[in-house]
Structures are given as C-alpha cells and as structure tokens.
$ cat target.cif   # mmCIF, C-alpha atoms; chains and numbers go by the auth columns
data_upload
#
loop_
_atom_site.group_PDB
_atom_site.id
_atom_site.type_symbol
_atom_site.label_atom_id
_atom_site.label_comp_id
_atom_site.label_asym_id
_atom_site.label_seq_id
_atom_site.Cartn_x
_atom_site.Cartn_y
_atom_site.Cartn_z
_atom_site.B_iso_or_equiv
_atom_site.auth_seq_id
_atom_site.auth_asym_id
ATOM 1 C CA MET A 1 31.074 25.880 -15.983 0.00 1 A
ATOM 2 C CA ASN A 2 29.715 26.912 -19.369 0.00 2 A
ATOM 3 C CA ALA A 3 29.492 30.427 -20.787 0.00 3 A
ATOM 4 C CA GLY A 4 25.978 30.874 -19.402 0.00 4 A
ATOM 5 C CA GLY A 5 27.272 30.349 -15.878 0.00 5 A
ATOM 6 C CA TYR A 6 29.826 33.130 -16.247 0.00 6 A
ATOM 7 C CA LEU A 7 27.165 35.438 -17.669 0.00 7 A
ATOM 8 C CA LYS A 8 25.092 34.762 -14.564 0.00 8 A
ATOM 9 C CA LEU A 9 28.105 35.669 -12.414 0.00 9 A
ATOM 10 C CA ALA A 10 28.421 38.939 -14.330 0.00 10 A
ATOM 11 C CA GLY A 11 24.728 39.625 -13.723 0.00 11 A
ATOM 12 C CA ALA A 12 25.172 38.836 -10.045 0.00 12 A
ATOM 13 C CA GLY A 13 28.079 41.267 -9.916 0.00 13 A
ATOM 14 C CA PHE A 14 25.862 43.972 -11.401 0.00 14 A
ATOM 15 C CA ARG A 15 22.991 43.304 -8.982 0.00 15 A
ATOM 16 C CA ARG A 16 25.362 43.216 -6.025 0.00 16 A
ATOM 17 C CA PHE A 17 26.400 46.817 -6.566 0.00 17 A
ATOM 18 C CA THR A 18 22.865 48.048 -7.209 0.00 18 A
ATOM 19 C CA ALA A 19 22.309 47.413 -3.495 0.00 19 A
ATOM 20 C CA TYR A 20 24.741 50.252 -2.716 0.00 20 A
ATOM 21 C CA ARG A 21 23.099 53.049 -4.692 0.00 21 A
ATOM 22 C CA ARG A 22 23.505 55.634 -1.917 0.00 22 A
ATOM 23 C CA ALA A 23 27.202 54.868 -1.675 0.00 23 A
ATOM 24 C CA ALA A 24 27.443 55.216 -5.461 0.00 24 A
ATOM 25 C CA VAL A 25 25.751 58.619 -5.332 0.00 25 A
ATOM 26 C CA ALA A 26 28.075 59.753 -2.534 0.00 26 A
ATOM 27 C CA GLY A 27 31.069 58.598 -4.548 0.00 27 A
ATOM 28 C CA LEU A 28 29.713 60.413 -7.598 0.00 28 A
ATOM 29 C CA VAL A 29 29.471 63.679 -5.669 0.00 29 A
ATOM 30 C CA ALA A 30 33.052 63.251 -4.477 0.00 30 A
ATOM 31 C CA ASN A 31 34.137 62.565 -8.064 0.00 31 A
ATOM 32 C CA VAL A 32 32.552 65.788 -9.285 0.00 32 A
ATOM 33 C CA VAL A 33 34.121 67.859 -6.501 0.00 33 A
ATOM 34 C CA PHE A 34 37.599 66.490 -7.123 0.00 34 A
ATOM 35 C CA ALA A 35 37.141 66.919 -10.865 0.00 35 A
ATOM 36 C CA VAL A 36 36.358 70.621 -10.413 0.00 36 A
ATOM 37 C CA ILE A 37 39.541 71.039 -8.356 0.00 37 A
ATOM 38 C CA ARG A 38 41.686 69.171 -10.888 0.00 38 A
ATOM 39 C CA GLN A 39 40.063 71.099 -13.735 0.00 39 A
ATOM 40 C CA ALA A 40 41.012 74.419 -12.131 0.00 40 A
ATOM 41 C CA ILE A 41 44.631 73.373 -11.503 0.00 41 A
ATOM 42 C CA LEU A 42 45.282 71.892 -14.948 0.00 42 A
ATOM 43 C CA LEU A 43 43.398 74.661 -16.722 0.00 43 A
ATOM 44 C CA ALA A 44 45.657 77.223 -15.033 0.00 44 A
ATOM 45 C CA ALA A 45 48.708 75.222 -16.111 0.00 45 A
ATOM 46 C CA VAL A 46 47.792 74.942 -19.808 0.00 46 A
ATOM 47 C CA SER A 47 46.502 78.518 -19.962 0.00 47 A
ATOM 48 C CA GLU A 48 49.766 79.862 -18.564 0.00 48 A
ATOM 49 C CA SER A 49 51.854 77.969 -21.114 0.00 49 A
ATOM 50 C CA ALA A 50 49.451 78.089 -24.089 0.00 50 A
ATOM 51 C CA GLY A 51 48.984 74.327 -24.005 0.00 51 A
ATOM 52 C CA ILE A 52 51.109 71.384 -22.905 0.00 52 A
ATOM 53 C CA ALA A 53 51.915 68.314 -25.029 0.00 53 A
ATOM 54 C CA GLY A 54 48.889 68.858 -27.264 0.00 54 A
ATOM 55 C CA TYR A 55 46.502 69.553 -24.352 0.00 55 A
ATOM 56 C CA ASP A 56 44.717 72.886 -24.498 0.00 56 A
ATOM 57 C CA ALA A 57 41.926 74.103 -22.221 0.00 57 A
ATOM 58 C CA VAL A 58 39.290 72.063 -24.075 0.00 58 A
ATOM 59 C CA ALA A 59 41.316 68.842 -24.148 0.00 59 A
ATOM 60 C CA VAL A 60 42.095 69.205 -20.442 0.00 60 A
ATOM 61 C CA GLY A 61 38.380 69.365 -19.697 0.00 61 A
ATOM 62 C CA SER A 62 37.794 66.102 -21.561 0.00 62 A
ATOM 63 C CA TYR A 63 40.783 64.480 -19.858 0.00 63 A
ATOM 64 C CA VAL A 64 39.692 65.486 -16.354 0.00 64 A
ATOM 65 C CA TRP A 65 36.029 64.548 -16.543 0.00 65 A
ATOM 66 C CA LEU A 66 36.399 61.350 -18.539 0.00 66 A
ATOM 67 C CA GLY A 67 39.298 60.198 -16.376 0.00 67 A
ATOM 68 C CA GLN A 68 37.466 61.037 -13.164 0.00 68 A
ATOM 69 C CA GLY A 69 34.589 58.780 -14.137 0.00 69 A
ATOM 70 C CA LEU A 70 36.669 56.119 -15.832 0.00 70 A
ATOM 71 C CA TYR A 71 38.786 55.240 -12.816 0.00 71 A
ATOM 72 C CA SER A 72 35.676 53.954 -11.041 0.00 72 A
ATOM 73 C CA VAL A 73 34.868 51.730 -14.017 0.00 73 A
ATOM 74 C CA VAL A 74 38.314 50.125 -14.161 0.00 74 A
ATOM 75 C CA LEU A 75 38.572 50.198 -10.331 0.00 75 A
ATOM 76 C CA LEU A 76 41.956 51.860 -10.328 0.00 76 A
ATOM 77 C CA TRP A 77 42.503 51.695 -6.560 0.00 77 A
ATOM 78 C CA GLY A 78 42.114 47.927 -6.345 0.00 78 A
ATOM 79 C CA ASP A 79 40.220 45.680 -3.951 0.00 79 A
ATOM 80 C CA SER A 80 41.080 43.076 -1.316 0.00 80 A
ATOM 81 C CA GLU A 81 38.101 40.679 -1.372 0.00 81 A
ATOM 82 C CA LEU A 82 40.118 37.801 -2.819 0.00 82 A
ATOM 83 C CA ALA A 83 42.918 38.482 -0.345 0.00 83 A
ATOM 84 C CA GLY A 84 40.426 38.181 2.513 0.00 84 A
ATOM 85 C CA ARG A 85 39.216 34.810 1.245 0.00 85 A
ATOM 86 C CA ILE A 86 42.789 33.590 0.991 0.00 86 A
ATOM 87 C CA ARG A 87 43.559 34.661 4.562 0.00 87 A
ATOM 88 C CA GLY A 88 40.311 33.194 5.912 0.00 88 A
ATOM 89 C CA GLY A 89 40.603 29.897 4.063 0.00 89 A
ATOM 90 C CA GLY A 90 37.515 30.422 1.906 0.00 90 A
ATOM 91 C CA ILE A 91 39.763 30.171 -1.133 0.00 91 A
ATOM 92 C CA VAL A 92 39.726 26.385 -0.660 0.00 92 A
ATOM 93 C CA ILE A 93 36.013 26.310 -1.487 0.00 93 A
ATOM 94 C CA ASP A 94 36.568 28.621 -4.441 0.00 94 A
ATOM 95 C CA LEU A 95 39.263 26.369 -5.860 0.00 95 A
ATOM 96 C CA CYS A 96 36.990 23.333 -5.540 0.00 96 A
ATOM 97 C CA ARG A 97 34.088 24.892 -7.415 0.00 97 A
ATOM 98 C CA PRO A 98 33.492 23.721 -11.021 0.00 98 A
ATOM 99 C CA TRP A 99 34.700 26.954 -12.542 0.00 99 A
ATOM 100 C CA ASP A 100 37.799 28.761 -13.662 0.00 100 A
ATOM 101 C CA LEU A 101 38.505 30.997 -10.648 0.00 101 A
ATOM 102 C CA GLN A 102 40.186 33.763 -12.608 0.00 102 A
ATOM 103 C CA LEU A 103 37.421 33.874 -15.210 0.00 103 A
ATOM 104 C CA ALA A 104 34.716 33.733 -12.530 0.00 104 A
ATOM 105 C CA LEU A 105 36.224 36.694 -10.679 0.00 105 A
ATOM 106 C CA PHE A 106 36.550 38.629 -13.921 0.00 106 A
ATOM 107 C CA ALA A 107 32.893 37.955 -14.740 0.00 107 A
ATOM 108 C CA GLY A 108 31.875 39.462 -11.398 0.00 108 A
ATOM 109 C CA ASP A 109 34.187 42.414 -12.014 0.00 109 A
ATOM 110 C CA LEU A 110 32.615 42.922 -15.434 0.00 110 A
ATOM 111 C CA GLY A 111 29.195 43.178 -13.786 0.00 111 A
ATOM 112 C CA ARG A 112 30.558 45.742 -11.330 0.00 112 A
ATOM 113 C CA ALA A 113 32.006 47.779 -14.199 0.00 113 A
ATOM 114 C CA ALA A 114 28.695 47.636 -16.079 0.00 114 A
ATOM 115 C CA PHE A 115 27.007 49.194 -13.042 0.00 115 A
ATOM 116 C CA ALA A 116 29.729 51.845 -12.741 0.00 116 A
ATOM 117 C CA VAL A 117 29.284 53.087 -16.324 0.00 117 A
ATOM 118 C CA PRO A 118 25.842 54.730 -15.829 0.00 118 A
ATOM 119 C CA MET A 119 26.410 55.556 -12.149 0.00 119 A
ATOM 120 C CA ARG A 120 30.018 56.774 -12.027 0.00 120 A
ATOM 121 C CA LEU A 121 31.199 57.456 -15.587 0.00 121 A
ATOM 122 C CA LEU A 122 28.388 59.098 -17.551 0.00 122 A
ATOM 123 C CA PRO A 123 27.247 61.657 -14.922 0.00 123 A
ATOM 124 C CA PRO A 124 30.711 63.308 -14.497 0.00 124 A
ATOM 125 C CA VAL A 125 31.140 63.484 -18.266 0.00 125 A
ATOM 126 C CA ILE A 126 27.718 65.120 -18.648 0.00 126 A
ATOM 127 C CA VAL A 127 28.443 67.618 -15.844 0.00 127 A
ATOM 128 C CA GLY A 128 31.876 68.449 -17.255 0.00 128 A
ATOM 129 C CA ALA A 129 30.572 68.903 -20.794 0.00 129 A
ATOM 130 C CA ALA A 130 27.752 71.145 -19.560 0.00 130 A
ATOM 131 C CA LEU A 131 29.784 73.426 -17.292 0.00 131 A
ATOM 132 C CA PHE A 132 33.320 73.521 -18.694 0.00 132 A
ATOM 133 C CA PRO A 133 35.191 73.535 -22.003 0.00 133 A
ATOM 134 C CA PHE A 134 34.913 70.020 -23.356 0.00 134 A
ATOM 135 C CA ARG A 135 36.024 68.300 -26.542 0.00 135 A
ATOM 136 C CA TRP A 136 33.923 65.522 -28.032 0.00 136 A
ATOM 137 C CA PRO A 137 35.533 63.179 -30.559 0.00 137 A
ATOM 138 C CA GLU A 138 35.445 64.487 -34.104 0.00 138 A
ATOM 139 C CA GLU A 139 35.793 61.091 -35.797 0.00 139 A
ATOM 140 C CA LEU A 140 32.883 58.638 -35.628 0.00 140 A
ATOM 141 C CA LEU A 141 35.326 55.724 -35.464 0.00 141 A
ATOM 142 C CA THR A 142 36.639 57.057 -32.156 0.00 142 A
ATOM 143 C CA TRP A 143 33.566 55.816 -30.278 0.00 143 A
ATOM 144 C CA PRO A 144 33.946 52.080 -31.007 0.00 144 A
ATOM 145 C CA LEU A 145 37.702 52.389 -30.485 0.00 145 A
ATOM 146 C CA LEU A 146 36.997 53.976 -27.109 0.00 146 A
ATOM 147 C CA ALA A 147 34.669 51.118 -26.147 0.00 147 A
ATOM 148 C CA VAL A 148 37.352 48.557 -27.026 0.00 148 A
ATOM 149 C CA SER A 149 39.963 50.569 -25.150 0.00 149 A
ATOM 150 C CA VAL A 150 37.837 50.771 -22.002 0.00 150 A
ATOM 151 C CA GLY A 151 37.253 47.011 -22.165 0.00 151 A
ATOM 152 C CA LEU A 152 40.991 46.359 -22.454 0.00 152 A
ATOM 153 C CA ALA A 153 41.649 48.835 -19.636 0.00 153 A
ATOM 154 C CA LEU A 154 39.334 46.803 -17.414 0.00 154 A
ATOM 155 C CA VAL A 155 41.170 43.577 -18.295 0.00 155 A
ATOM 156 C CA VAL A 156 44.548 45.157 -17.511 0.00 156 A
ATOM 157 C CA SER A 157 43.260 46.556 -14.224 0.00 157 A
ATOM 158 C CA PHE A 158 41.747 43.224 -13.264 0.00 158 A
ATOM 159 C CA GLY A 159 44.992 41.449 -14.137 0.00 159 A
ATOM 160 C CA LEU A 160 47.027 43.731 -11.892 0.00 160 A
ATOM 161 C CA ARG A 161 44.523 43.563 -9.020 0.00 161 A
ATOM 162 C CA PHE A 162 44.387 39.780 -9.317 0.00 162 A
ATOM 163 C CA LEU A 163 48.165 39.566 -8.963 0.00 163 A
ATOM 164 C CA VAL A 164 48.181 41.937 -5.975 0.00 164 A
ATOM 165 C CA ASN A 165 45.593 39.770 -4.232 0.00 165 A
ATOM 166 C CA LEU A 166 47.457 36.549 -5.049 0.00 166 A
ATOM 167 C CA ALA A 167 50.441 37.912 -3.140 0.00 167 A
ATOM 168 C CA THR A 168 48.453 36.963 -0.007 0.00 168 A
ATOM 169 C CA PHE A 169 49.408 33.327 -0.611 0.00 169 A
ATOM 170 C CA TRP A 170 52.965 34.276 0.276 0.00 170 A
ATOM 171 C CA THR A 171 52.643 37.263 2.633 0.00 171 A
ATOM 172 C CA MET A 172 49.234 36.627 4.335 0.00 172 A
ATOM 173 C CA GLU A 173 48.850 40.413 4.617 0.00 173 A
ATOM 174 C CA ILE A 174 48.896 42.766 1.617 0.00 174 A
ATOM 175 C CA ARG A 175 47.815 46.095 3.085 0.00 175 A
ATOM 176 C CA GLY A 176 51.243 47.584 2.452 0.00 176 A
ATOM 177 C CA ILE A 177 51.332 46.210 -1.093 0.00 177 A
ATOM 178 C CA ALA A 178 47.786 47.461 -1.731 0.00 178 A
ATOM 179 C CA VAL A 179 48.604 50.977 -0.506 0.00 179 A
ATOM 180 C CA LEU A 180 51.738 51.077 -2.654 0.00 180 A
ATOM 181 C CA TYR A 181 49.766 49.823 -5.640 0.00 181 A
ATOM 182 C CA GLY A 182 47.110 52.519 -5.120 0.00 182 A
ATOM 183 C CA VAL A 183 49.705 55.308 -5.062 0.00 183 A
ATOM 184 C CA VAL A 184 51.668 53.973 -8.013 0.00 184 A
ATOM 185 C CA SER A 185 48.616 53.255 -10.164 0.00 185 A
ATOM 186 C CA GLY A 186 47.155 56.723 -9.556 0.00 186 A
ATOM 187 C CA VAL A 187 50.325 58.473 -10.704 0.00 187 A
ATOM 188 C CA LEU A 188 51.545 56.168 -13.460 0.00 188 A
ATOM 189 C CA SER A 189 48.144 55.530 -15.055 0.00 189 A
ATOM 190 C CA GLY A 190 47.637 59.207 -15.888 0.00 190 A
ATOM 191 C CA LEU A 191 44.973 59.971 -13.297 0.00 191 A
ATOM 192 C CA THR A 192 46.958 62.559 -11.351 0.00 192 A
ATOM 193 C CA LEU A 193 48.116 64.297 -14.529 0.00 193 A
ATOM 194 C CA PRO A 194 48.441 63.218 -18.167 0.00 194 A
ATOM 195 C CA VAL A 195 51.383 60.959 -18.914 0.00 195 A
ATOM 196 C CA ASP A 196 52.201 63.325 -21.804 0.00 196 A
ATOM 197 C CA PHE A 197 53.068 66.011 -19.240 0.00 197 A
ATOM 198 C CA PHE A 198 56.105 64.016 -18.094 0.00 198 A
ATOM 199 C CA PRO A 199 59.567 64.562 -19.664 0.00 199 A
ATOM 200 C CA GLY A 200 60.292 62.512 -22.762 0.00 200 A
ATOM 201 C CA TRP A 201 62.401 59.854 -21.037 0.00 201 A
ATOM 202 C CA ALA A 202 59.782 59.458 -18.294 0.00 202 A
ATOM 203 C CA ARG A 203 56.967 59.073 -20.839 0.00 203 A
ATOM 204 C CA THR A 204 58.890 56.320 -22.581 0.00 204 A
ATOM 205 C CA ALA A 205 59.514 54.555 -19.277 0.00 205 A
ATOM 206 C CA LEU A 206 55.861 54.837 -18.212 0.00 206 A
ATOM 207 C CA TRP A 207 54.549 53.460 -21.497 0.00 207 A
ATOM 208 C CA CYS A 208 56.782 50.430 -20.957 0.00 208 A
ATOM 209 C CA THR A 209 54.565 49.573 -17.976 0.00 209 A
ATOM 210 C CA PRO A 210 50.915 48.440 -17.986 0.00 210 A
ATOM 211 C CA PHE A 211 49.678 51.385 -15.914 0.00 211 A
ATOM 212 C CA PRO A 212 48.888 53.877 -18.733 0.00 212 A
ATOM 213 C CA ALA A 213 46.770 51.159 -20.352 0.00 213 A
ATOM 214 C CA MET A 214 44.248 51.497 -17.515 0.00 214 A
ATOM 215 C CA LEU A 215 43.409 55.178 -17.934 0.00 215 A
ATOM 216 C CA GLN A 216 45.681 57.257 -20.143 0.00 216 A
ATOM 217 C CA ALA A 217 45.143 55.102 -23.239 0.00 217 A
ATOM 218 C CA PRO A 218 41.321 55.393 -23.397 0.00 218 A
ATOM 219 C CA VAL A 219 41.461 59.092 -22.523 0.00 219 A
ATOM 220 C CA THR A 220 44.039 59.723 -25.255 0.00 220 A
ATOM 221 C CA ILE A 221 41.827 57.908 -27.750 0.00 221 A
ATOM 222 C CA PHE A 222 38.842 60.027 -26.662 0.00 222 A
ATOM 223 C CA VAL A 223 40.678 63.352 -27.104 0.00 223 A
ATOM 224 C CA GLU A 224 42.211 62.036 -30.361 0.00 224 A
ATOM 225 C CA ASN A 225 45.709 62.997 -29.297 0.00 225 A
ATOM 226 C CA GLY A 226 47.593 59.866 -30.345 0.00 226 A
ATOM 227 C CA SER A 227 47.649 56.778 -32.538 0.00 227 A
ATOM 228 C CA PRO A 228 44.719 54.519 -31.541 0.00 228 A
ATOM 229 C CA ASP A 229 46.314 51.502 -33.224 0.00 229 A
ATOM 230 C CA LEU A 230 49.443 51.713 -31.074 0.00 230 A
ATOM 231 C CA LEU A 231 47.430 52.441 -27.931 0.00 231 A
ATOM 232 C CA LEU A 232 45.144 49.441 -28.442 0.00 232 A
ATOM 233 C CA LEU A 233 48.134 47.233 -29.252 0.00 233 A
ATOM 234 C CA HIS A 234 49.796 48.340 -26.011 0.00 234 A
ATOM 235 C CA GLN A 235 46.642 47.580 -24.042 0.00 235 A
ATOM 236 C CA ALA A 236 46.002 44.228 -25.717 0.00 236 A
ATOM 237 C CA GLY A 237 49.586 43.101 -25.199 0.00 237 A
ATOM 238 C CA TYR A 238 49.512 43.833 -21.489 0.00 238 A
ATOM 239 C CA ALA A 239 45.986 42.415 -21.108 0.00 239 A
ATOM 240 C CA VAL A 240 47.110 39.045 -22.500 0.00 240 A
ATOM 241 C CA ALA A 241 50.400 39.074 -20.600 0.00 241 A
ATOM 242 C CA LEU A 242 48.774 39.866 -17.237 0.00 242 A
ATOM 243 C CA ILE A 243 46.041 37.258 -17.627 0.00 243 A
ATOM 244 C CA LEU A 244 48.615 34.575 -18.495 0.00 244 A
ATOM 245 C CA LEU A 245 50.867 35.692 -15.644 0.00 245 A
ATOM 246 C CA GLY A 246 47.905 35.561 -13.258 0.00 246 A
ATOM 247 C CA ARG A 247 47.122 32.007 -14.313 0.00 247 A
ATOM 248 C CA ALA A 248 50.746 30.975 -13.799 0.00 248 A
ATOM 249 C CA VAL A 249 50.916 32.577 -10.348 0.00 249 A
ATOM 250 C CA LEU A 250 47.591 31.000 -9.334 0.00 250 A
ATOM 251 C CA SER A 251 48.860 27.595 -10.441 0.00 251 A
ATOM 252 C CA ARG A 252 51.965 28.100 -8.348 0.00 252 A
ATOM 253 C CA ALA A 253 49.870 29.287 -5.393 0.00 253 A
ATOM 254 C CA ARG A 254 47.732 26.129 -5.492 0.00 254 A
ATOM 255 C CA ARG A 255 50.835 24.089 -4.702 0.00 255 A
ATOM 256 C CA LYS A 256 51.749 26.405 -1.839 0.00 256 A
ATOM 257 C CA LEU A 257 48.278 26.701 -0.302 0.00 257 A
ATOM 258 C CA VAL A 258 48.131 26.198 3.457 0.00 258 A
ATOM 259 C CA VAL A 259 44.838 26.803 5.257 0.00 259 A
ATOM 260 C CA GLN A 260 45.337 28.355 8.667 0.00 260 A
ATOM 261 C CA GLY A 261 43.946 26.232 11.472 0.00 261 A
ATOM 262 C CA GLY A 262 43.761 23.021 9.477 0.00 262 A
#
$ encode --input "target.cif" --output "structure tokens"
Amino acid sequence: MNAGGYLKLAGAGFRRFTAYRRAAVAGLVANVVFAVIRQAILLAAVSESAGIAGYDAVAVGSYVWLGQGLYSVVLLWGDSELAGRIRGGGIVIDLCRPWDLQLALFAGDLGRAAFAVPMRLLPPVIVGAALFPFRWPEELLTWPLLAVSVGLALVVSFGLRFLVNLATFWTMEIRGIAVLYGVVSGVLSGLTLPVDFFPGWARTALWCTPFPAMLQAPVTIFVENGSPDLLLLHQAGYAVALILLGRAVLSRARRKLVVQGG
C-alpha cells in the first residue's frame, strides 16, 4: 500500500470517531469534572508548601488541564480492538491484506487522535485557562516543540498498546494485562500527579521507562519546567525502540498464529 492508502486510513479513523459525538461530549464533561477535583487537591498541596519541584499554583493549573485533555489524545488507557481480532481469527485477514499491519493501525490511531484534539484536548484547556490560574508558554519556540512532543507521545502510546494487544497471540485473553497496564500507565506517565513530585530516586527510575514520554514530557515542555531537548530525545528514543520491538514481536507472532476452530 502506498502513502495515499495510509492517509485514507487516517481519514477513516477520523470519520469513525465523528460518529460518536455524544460520547465525546459526555467524556469531555467527565474530563472537566475530574480536572476540577484534581486542580483543588494539587492546588492545596502546592499552596501549603509554597510550591513543589518547580510547580506553583499557576503551573499546576496548566499541568492539570493540559494533562486531562492530552490523555484522550494519546489514549493512555489503551484499547483491545486488535486483541479481539486476534481471538476471533480476523487477524488472518488483516495479515493477508496488502499493507503493513502496524503502520495501518497507527494510521487509524492518528485519525482518532486528530479527532480528539478539538473534541477532548482544546475544550478542557480553554475552560481551565478561563476559570483557574493558568500559565501559557512564554517562549514562542515552545509551541512547535509541544506539537512534536505530542506526536512522539502518541507514537510511544501506540507502541505500548500494540505490544499489549499482541500478547493475545500467547495468552488469548489480556483483560488482566490491560487492567494492569491502565493502572501503571496512569501513575507512571504523570497523569495522577507530576513525576517531579516523586522522590529523586523514583524520578530517575520512572524516566528510565517509556511511560513519562506519553504525558509528563509534553506537559513539562508546555510549562517550560525542563530541558526540551532531553525530553524530546527521551521520547524519540522510546518511540523508535517500541516500534521496532512491536515489529519483532509481530513477526514472531506470525509464526505462532493458530486460528481457533480451523
């Protein structure tokens, strides 16, 4: 399949999610409610201690509202559509199509993310900036760096979700793995609280994993609280590593594939 085919898959991914506008609005309302709760808790924490790890009341507002919208763009909680096709045998058809399966799935995910930006990311940021202390980037260069960081965050997230789904080739059921991944990704990515709030040894350990690349890195770039060069390098390194690992695991899974009932 040529590049135009993958662009069409991305467009199809976008149109697919436009059919669920009411669900998107409901999810947006839930995002705003949870953001208000998290804002109150973290604001109390930094106010009591006169700031934590470079986060004051204004930076916390940016962290909460950007992060609350961003996790829907990168799809932090994961999905199980590929796992279902593996269990049901539909993966055989997918593997026979004239495409690169990993790239085709990423194209569809890119379309989904493009829909999530105006529906799930921008509205929370606008609400947070209008109602609470909020810090916009002071450097003009921060905006293109943020766009690159969000793109890399999506690649890292896709790479991890792809690997979780591929585990179905060996286990046939990944609900336990998916639940564990959802809990771990929420805490280690910086969604629950900033990674900078952890003790020094824990921060070092967390940044040795790909999870902060999905959320904490773009948020840190937005609030201008770290080195963007190192953050982007961290994201790019894990993005490449996870994509290559996914391709290796998929190649191995092809040799193991057994279709139930046939």
$ residues_around --input "target.cif" --residues "range 93-102 of chain A" --least-positions-apart "6" --cutoff "8 Å" --atoms "all atoms listed in the file" --output "PyMOL selection string"
chain A and resi 1+246-247
$ atom_distance --input "target.cif" --atom1 "CA of Ser157 in chain A" --atom2 "CA of Ala57 in chain A"
28.7 Å
$ closest_residue --input "target.cif" --among "A:Val25, A:Val73, A:Ala30, A:Leu215" --to "Leu193 in chain A" --atoms "only C-alpha atoms"
A:Leu215
$ closest_atom_pairs --input "target.cif" --of "range 39-80 of chain A" --to "range 114-132 of chain A" --cutoff "8 Å" --atoms "only C-alpha atoms" --output "tab-separated table"
residue	atom	partner	partner_atom	distance
A:Gly61	CA	A:Phe132	CA	6.6
A:Ser62	CA	A:Gly128	CA	7.7
A:Trp65	CA	A:Val125	CA	5.3
A:Leu66	CA	A:Val125	CA	5.7
A:Gln68	CA	A:Pro124	CA	7.3
A:Gly69	CA	A:Leu121	CA	3.9
A:Leu70	CA	A:Leu121	CA	5.6
A:Ser72	CA	A:Arg120	CA	6.4
A:Val73	CA	A:Ala116	CA	5.3
$ resolve_selection --input "target.cif" --expression "the PyMOL selection byres ((chain A and resi 159-175) around 8)" --output "PDB file with C-alpha atoms, keeping the file's coordinate frame"
ATOM      1  CA  GLY A  78      42.114  47.927  -6.345  1.00  0.00           C
ATOM      2  CA  ASP A  79      40.220  45.680  -3.951  1.00  0.00           C
ATOM      3  CA  SER A  80      41.080  43.076  -1.316  1.00  0.00           C
ATOM      4  CA  LEU A  82      40.118  37.801  -2.819  1.00  0.00           C
ATOM      5  CA  ALA A  83      42.918  38.482  -0.345  1.00  0.00           C
ATOM      6  CA  ILE A  86      42.789  33.590   0.991  1.00  0.00           C
ATOM      7  CA  ARG A  87      43.559  34.661   4.562  1.00  0.00           C
ATOM      8  CA  VAL A 155      41.170  43.577 -18.295  1.00  0.00           C
ATOM      9  CA  VAL A 156      44.548  45.157 -17.511  1.00  0.00           C
ATOM     10  CA  SER A 157      43.260  46.556 -14.224  1.00  0.00           C
ATOM     11  CA  PHE A 158      41.747  43.224 -13.264  1.00  0.00           C
ATOM     12  CA  GLY A 176      51.243  47.584   2.452  1.00  0.00           C
ATOM     13  CA  ILE A 177      51.332  46.210  -1.093  1.00  0.00           C
ATOM     14  CA  ALA A 178      47.786  47.461  -1.731  1.00  0.00           C
ATOM     15  CA  VAL A 179      48.604  50.977  -0.506  1.00  0.00           C
ATOM     16  CA  ALA A 239      45.986  42.415 -21.108  1.00  0.00           C
ATOM     17  CA  LEU A 242      48.774  39.866 -17.237  1.00  0.00           C
ATOM     18  CA  ILE A 243      46.041  37.258 -17.627  1.00  0.00           C
ATOM     19  CA  GLY A 246      47.905  35.561 -13.258  1.00  0.00           C
ATOM     20  CA  VAL A 249      50.916  32.577 -10.348  1.00  0.00           C
ATOM     21  CA  LEU A 250      47.591  31.000  -9.334  1.00  0.00           C
ATOM     22  CA  ALA A 253      49.870  29.287  -5.393  1.00  0.00           C
ATOM     23  CA  LYS A 256      51.749  26.405  -1.839  1.00  0.00           C
ATOM     24  CA  LEU A 257      48.278  26.701  -0.302  1.00  0.00           C
TER      25      LEU A 257
END
$ atom_distance --input "target.cif" --atom1 "CA of Asp56 in chain A" --atom2 "CA of Asn225 in chain A"
11.0 Å
$ atom_distance --input "target.cif" --atom1 "CA of Gly90 in chain A" --atom2 "CA of Ala153 in chain A"
28.6 Å
$ closest_residue --input "target.cif" --among "A:Gly54, A:Gly27, A:Gly84, A:Pro137" --to "Ile221 in chain A" --atoms "all atoms listed in the file"
A:Pro137
$ closest_residue --input "target.cif" --among "A:Arg254, A:Pro212, A:Glu138, A:Gly13" --to "Val92 in chain A" --atoms "all atoms listed in the file"
A:Arg254
$ build_atoms --input "target.cif" --residues "range 244-256 of chain A" --atoms "N, CA and C atoms" --output "mmCIF file, keeping the file's coordinate frame"
data_model
loop_
_atom_site.group_PDB
_atom_site.id
_atom_site.type_symbol
_atom_site.label_atom_id
_atom_site.label_comp_id
_atom_site.auth_asym_id
_atom_site.auth_seq_id
_atom_site.Cartn_x
_atom_site.Cartn_y
_atom_site.Cartn_z
ATOM 1 N N LEU A 244 47.783 35.776 -18.499
ATOM 2 C CA LEU A 244 48.615 34.575 -18.495
ATOM 3 C C LEU A 244 49.493 34.514 -17.252
ATOM 4 N N LEU A 245 50.044 35.656 -16.852
ATOM 5 C CA LEU A 245 50.867 35.692 -15.644
ATOM 6 C C LEU A 245 50.023 35.353 -14.421
ATOM 7 N N GLY A 246 48.798 35.862 -14.373
ATOM 8 C CA GLY A 246 47.905 35.561 -13.258
ATOM 9 C C GLY A 246 47.606 34.078 -13.164
ATOM 10 N N ARG A 247 47.402 33.441 -14.309
ATOM 11 C CA ARG A 247 47.122 32.007 -14.313
ATOM 12 C C ARG A 247 48.335 31.212 -13.829
ATOM 13 N N ALA A 248 49.522 31.658 -14.230
ATOM 14 C CA ALA A 248 50.746 30.975 -13.799
ATOM 15 C C ALA A 248 50.955 31.124 -12.300
ATOM 16 N N VAL A 249 50.740 32.341 -11.781
ATOM 17 C CA VAL A 249 50.916 32.577 -10.348
ATOM 18 C C VAL A 249 49.879 31.803 -9.545
ATOM 19 N N LEU A 250 48.627 31.748 -10.031
ATOM 20 C CA LEU A 250 47.591 31.000 -9.334
ATOM 21 C C LEU A 250 47.933 29.511 -9.302
ATOM 22 N N SER A 251 48.456 28.998 -10.405
ATOM 23 C CA SER A 251 48.860 27.595 -10.441
ATOM 24 C C SER A 251 49.964 27.322 -9.427
ATOM 25 N N ARG A 252 50.897 28.234 -9.337
ATOM 26 C CA ARG A 252 51.965 28.100 -8.348
ATOM 27 C C ARG A 252 51.407 28.196 -6.929
ATOM 28 N N ALA A 253 50.439 29.091 -6.727
ATOM 29 C CA ALA A 253 49.870 29.287 -5.393
ATOM 30 C C ALA A 253 49.095 28.061 -4.932
ATOM 31 N N ARG A 254 48.467 27.350 -5.857
ATOM 32 C CA ARG A 254 47.732 26.129 -5.492
ATOM 33 C C ARG A 254 48.656 25.130 -4.805
ATOM 34 N N ARG A 255 49.890 25.046 -5.281
ATOM 35 C CA ARG A 255 50.835 24.089 -4.702
ATOM 36 C C ARG A 255 51.369 24.552 -3.351
ATOM 37 N N LYS A 256 51.247 25.862 -3.084
ATOM 38 C CA LYS A 256 51.749 26.405 -1.839
ATOM 39 C C LYS A 256 50.660 26.543 -0.788
#
